[in-house]
Amino acid sequence: MTVLQPLDTHASVCPRASLIFDQVTFSYQGKHLLGPCSFTLQGAGPTLVMGPNGAGKSLLLRLAHGLLAPASGSVQWLPQRPRQAMVFQQPVMLRRSAIANLIHALAVNKTPRRQRQQLAEAALERFGLSRLARTPARVLSGGEQQRLALARAWVLAPQVLFLDEPTSALDPAAIKAVEEAVLAFQRQGTRVVMTTHDIHQARRLAADVLFMANGQLLEYTPATQFFHQPESSGARAYLRGELVE
Ligand SMILES: Nc1ncnc2c1ncn2[C@@H]1O[C@H](COP(=O)(O)OP(=O)(O)OP(=O)(O)O)[C@@H](O)[C@H]1O
């Protein structure tokens with residue numbers, strides 16, 4: 001198990017952008033799936049999005065990232081739309097080497113060609129993947145691919161990073177590496193917004209919690225309050241381990 005390398009400060013990306021959902025709804029083929037949902041992300045994060053299966057967590061992340069458009073309402077960033085990246089439960093890697101995946105991301109990002117190799121190598125080192133640089137990305141283990149997905153996000157120095165259940169398919173050592181990476185992003189000034197089903201993980205990482213059920217946002221509260229005195233009966237039941245729909 002490789003431990004993350006210490007951070008440098010070159011990629012500091014402060015200040016954190018603020019996200020505003022105003023009466024956002026989402027429908028698909030005439031079926032109402034989410035909202036209306038209103039909140040303004042405050043503080044520095046990390047923000048953990050929690051709730052049972054089908055609650056709308058992934059939809060919320062995709063709406064925030066701009067992968068989906070609301071049916072009504074607005075998704076707004078202040079002071080302006082930030083540089084963003086997203087990491088999924090199953091990372092999607094190109095059919096090429098680990099380092100080539102990073103270089104490709106840098107090329108798409110229009111990073112000057114002469115800087116790409118060096119930035120990619122540094123990111124691989126930081127995420128403990130240097131020895132796998134020339135290995136085809138798709139043959140890496142699940143944990144290695146997830147670290148590579150994080151390294152690919154890292155090279156872009158995003159102001160906001162969305163992570164959609166990034167550890168649900170990983171073993172404890174790989175989960176630890178992802179959580180360390182999340183905190184590394186957070187320290188460099190990236191606003192982290194992440195979904196999880198793991199209450200213990202949320203306790204370890206969250207500064208605040210968006211709790212959803214049945215396509216509705218039931219509460220948005222600081223983590224200390226959420227875990228000790230949640231506002232909604234849905235969150236209270238969820239934290240007690242009851243089956244919440
Ligand atoms: N593209 C889509 N087409 C139709 N229905 C969808 C689509 N995407 C999501 N849904 C539905 O919207 C609801 C919310 O889905 P979403 O994936 O956001 O839930 P989730 O909280 O992330 O759940 P899980 O924890 O199981 O991943 C679900 O009922 C799902 O079936």
# chains A, B, ... in the order shown; residues from 1 in each chain; ligands from 1

call {"tool": "residues_near_ligand", "arguments": {"ligand": "ligand 1", "cutoff": "7 Å", "atoms": "only C-alpha atoms and all ligand atoms", "output": "list in words"}}
result
Tyr28, Leu33, Gly51, Pro52, Asn53, Gly54, Ala55, Gly56, Lys57, Ser58, Leu59, Leu60, His197 and Gly215 of chain A

call {"tool": "select_by_dssp", "arguments": {"residues": "segment 65-151 of chain A", "states": "strand (DSSP E or B)", "output": "count of residues only"}}
result
13

call {"tool": "closest_residue", "arguments": {"among": "A:Ala177, A:Leu183, A:Cys37, A:Val92", "to": "Val24 of chain A", "atoms": "only C-alpha atoms"}}
result
A:Cys37

call {"tool": "residues_around", "arguments": {"residues": "segment 103-113 of chain A", "least_positions_apart": "3", "cutoff": "9 Å", "atoms": "only C-alpha atoms", "output": "PyMOL selection string"}}
result
chain A and resi 94+98-100+116-117+119-120+152-153+155-156

call {"tool": "atom_distance", "arguments": {"atom1": "atom CA of Leu140 of chain A", "atom2": "atom CA of Ser97 of chain A"}}
result
9.8 Å

call {"tool": "select_by_dssp", "arguments": {"residues": "segment 10-222 of chain A", "states": "alpha helix (DSSP H)", "output": "count of residues only"}}
result
71
